[in-house]
file run01.pdb (PDB, C-alpha atoms)
MODEL        1
ATOM      1  CA  MET A   1       0.000   0.000   0.000  1.00  0.00           C
ATOM      2  CA  LYS A   2       1.256   3.468  -0.900  1.00  0.00           C
ATOM      3  CA  GLU A   3       2.075   5.709   2.042  1.00  0.00           C
ATOM      4  CA  VAL A   4       0.102   8.955   2.136  1.00  0.00           C
ATOM      5  CA  ASN A   5       1.878  12.237   2.801  1.00  0.00           C
ATOM      6  CA  ASN A   6      -0.327  14.325   5.104  1.00  0.00           C
ATOM      7  CA  ASP A   7       2.169  17.165   5.602  1.00  0.00           C
ATOM      8  CA  LYS A   8      -0.019  19.664   3.727  1.00  0.00           C
ATOM      9  CA  PHE A   9      -3.399  18.361   4.871  1.00  0.00           C
ATOM     10  CA  ASP A  10      -3.975  21.242   7.309  1.00  0.00           C
ATOM     11  CA  ASP A  11      -3.050  23.766   4.604  1.00  0.00           C
ATOM     12  CA  PHE A  12      -5.861  22.663   2.309  1.00  0.00           C
ATOM     13  CA  GLY A  13      -7.839  25.689   1.127  1.00  0.00           C
ATOM     14  CA  THR A  14      -5.416  28.324   2.400  1.00  0.00           C
ATOM     15  CA  ASP A  15      -4.924  29.630  -1.149  1.00  0.00           C
ATOM     16  CA  MET A  16      -8.675  30.143  -1.501  1.00  0.00           C
ATOM     17  CA  ILE A  17      -9.682  33.699  -0.652  1.00  0.00           C
ATOM     18  CA  ASP A  18     -12.619  32.763   1.587  1.00  0.00           C
ATOM     19  CA  GLY A  19     -12.188  28.985   1.863  1.00  0.00           C
ATOM     20  CA  ARG A  20     -14.904  28.136  -0.661  1.00  0.00           C
ATOM     21  CA  LEU A  21     -14.480  25.149  -2.928  1.00  0.00           C
ATOM     22  CA  THR A  22     -17.098  26.486  -5.346  1.00  0.00           C
ATOM     23  CA  GLU A  23     -18.334  29.852  -6.552  1.00  0.00           C
ATOM     24  CA  GLU A  24     -20.686  31.831  -4.341  1.00  0.00           C
ATOM     25  CA  SER A  25     -24.355  30.930  -4.729  1.00  0.00           C
ATOM     26  CA  ASP A  26     -26.585  33.205  -6.783  1.00  0.00           C
ATOM     27  CA  LYS A  27     -29.141  32.936  -3.918  1.00  0.00           C
ATOM     28  CA  LYS A  28     -31.779  31.341  -6.135  1.00  0.00           C
ATOM     29  CA  ILE A  29     -33.551  28.005  -5.875  1.00  0.00           C
ATOM     30  CA  TYR A  30     -34.078  26.056  -9.097  1.00  0.00           C
ATOM     31  CA  ARG A  31     -36.008  22.976 -10.262  1.00  0.00           C
ATOM     32  CA  LEU A  32     -32.680  21.332 -11.081  1.00  0.00           C
ATOM     33  CA  HIS A  33     -33.904  17.884 -12.122  1.00  0.00           C
ATOM     34  CA  GLU A  34     -36.034  19.429 -14.869  1.00  0.00           C
ATOM     35  CA  ALA A  35     -33.231  21.768 -15.945  1.00  0.00           C
ATOM     36  CA  ILE A  36     -30.761  18.866 -16.103  1.00  0.00           C
ATOM     37  CA  ARG A  37     -33.185  16.812 -18.215  1.00  0.00           C
ATOM     38  CA  LEU A  38     -33.531  19.674 -20.701  1.00  0.00           C
ATOM     39  CA  THR A  39     -29.752  20.101 -20.788  1.00  0.00           C
ATOM     40  CA  GLU A  40     -29.370  16.419 -21.650  1.00  0.00           C
ATOM     41  CA  GLU A  41     -32.042  16.659 -24.371  1.00  0.00           C
ATOM     42  CA  LEU A  42     -30.433  19.751 -25.914  1.00  0.00           C
ATOM     43  CA  GLY A  43     -26.914  18.367 -25.566  1.00  0.00           C
ATOM     44  CA  ARG A  44     -25.587  21.689 -24.282  1.00  0.00           C
ATOM     45  CA  PRO A  45     -25.677  23.856 -21.148  1.00  0.00           C
ATOM     46  CA  LEU A  46     -28.710  26.090 -20.680  1.00  0.00           C
ATOM     47  CA  THR A  47     -28.366  29.796 -21.257  1.00  0.00           C
ATOM     48  CA  ALA A  48     -29.031  32.162 -18.358  1.00  0.00           C
ATOM     49  CA  GLU A  49     -32.333  33.074 -20.027  1.00  0.00           C
ATOM     50  CA  GLU A  50     -33.379  29.408 -20.320  1.00  0.00           C
ATOM     51  CA  LEU A  51     -32.407  28.731 -16.713  1.00  0.00           C
ATOM     52  CA  LYS A  52     -34.741  31.520 -15.538  1.00  0.00           C
ATOM     53  CA  ASN A  53     -37.649  29.258 -16.553  1.00  0.00           C
ATOM     54  CA  PHE A  54     -36.618  26.878 -13.769  1.00  0.00           C
ATOM     55  CA  GLU A  55     -36.313  29.447 -10.950  1.00  0.00           C
ATOM     56  CA  VAL A  56     -38.561  28.763  -8.000  1.00  0.00           C
ATOM     57  CA  TYR A  57     -37.555  31.420  -5.471  1.00  0.00           C
ATOM     58  CA  ASP A  58     -34.977  34.067  -4.754  1.00  0.00           C
ATOM     59  CA  VAL A  59     -33.262  33.882  -1.395  1.00  0.00           C
ATOM     60  CA  VAL A  60     -32.664  37.385  -0.084  1.00  0.00           C
ATOM     61  CA  ALA A  61     -30.496  38.352   2.884  1.00  0.00           C
ATOM     62  CA  GLU A  62     -32.301  40.562   5.383  1.00  0.00           C
ATOM     63  CA  ASP A  63     -30.615  41.422   8.685  1.00  0.00           C
ATOM     64  CA  ASN A  64     -28.219  38.455   8.344  1.00  0.00           C
ATOM     65  CA  ASN A  65     -31.152  36.068   7.824  1.00  0.00           C
ATOM     66  CA  TYR A  66     -32.122  34.520   4.517  1.00  0.00           C
ATOM     67  CA  VAL A  67     -35.701  35.146   3.405  1.00  0.00           C
ATOM     68  CA  ILE A  68     -37.338  33.315   0.518  1.00  0.00           C
ATOM     69  CA  SER A  69     -39.205  35.610  -1.848  1.00  0.00           C
ATOM     70  CA  LYS A  70     -40.859  35.110  -5.229  1.00  0.00           C
TER
ENDMDL
END

call {"tool": "encode", "arguments": {"input": "run01.pdb", "output": "structure tokens"}}
result
Amino acid sequence: MKEVNNDKFDDFGTDMIDGRLTEESDKKIYRLHEAIRLTEELGRPLTAEELKNFEVYDVVAEDNNYVISK
């Protein structure tokens, strides 16, 4: 079995500005299963305009709390 070098394990993510592994959320909730199905049918990613058809709610920050609005 190959020996694992854990010397840099605690440094993971230190080069990331805010520790995120992904981009910040756009604070929207989508019907993703339907959007993914359409993407597969079209054979390409959806445009921003097409994705708007799958928006359910916006999530808005108010006083450090997230509020769901339509």

call {"tool": "residues_around", "arguments": {"input": "run01.pdb", "residues": "Phe54 of chain A", "least_positions_apart": "4", "cutoff": "9 Å", "atoms": "only C-alpha atoms", "output": "PyMOL selection string"}}
result
chain A and resi 29-32+34-35+50

call {"tool": "write_last_selection", "arguments": {"input": "run01.pdb", "atoms": "C-alpha atoms", "output": "CSV table (one decimal), in the coordinates of the input"}}
result
chain,number,residue,atom,x,y,z
A,29,ILE,CA,-33.6,28.0,-5.9
A,30,TYR,CA,-34.1,26.1,-9.1
A,31,ARG,CA,-36.0,23.0,-10.3
A,32,LEU,CA,-32.7,21.3,-11.1
A,34,GLU,CA,-36.0,19.4,-14.9
A,35,ALA,CA,-33.2,21.8,-15.9
A,50,GLU,CA,-33.4,29.4,-20.3

call {"tool": "atom_distance", "arguments": {"input": "run01.pdb", "atom1": "atom CA of Val4 of chain A", "atom2": "atom CA of Thr22 of chain A"}}
result
25.7 Å

call {"tool": "atom_distance", "arguments": {"input": "run01.pdb", "atom1": "atom CA of Glu24 of chain A", "atom2": "atom CA of Asn53 of chain A"}}
result
21.1 Å

call {"tool": "atom_distance", "arguments": {"input": "run01.pdb", "atom1": "atom CA of Gly43 of chain A", "atom2": "atom CA of Lys27 of chain A"}}
result
26.2 Å

call {"tool": "closest_residue", "arguments": {"input": "run01.pdb", "among": "A:Thr39, A:Glu23, A:Asp7, A:Lys2", "to": "Leu51 of chain A", "atoms": "all atoms listed in the file"}}
result
A:Thr39

call {"tool": "axis_aligned_box", "arguments": {"input": "run01.pdb", "around": "segment 26-38 of chain A", "padding_each_side": "4 Å", "output": "lines of an AutoDock Vina configuration file"}}
result
center_x = -31.3
center_y = 25.0
center_z = -12.3
size_x = 17.4
size_y = 24.4
size_z = 24.8
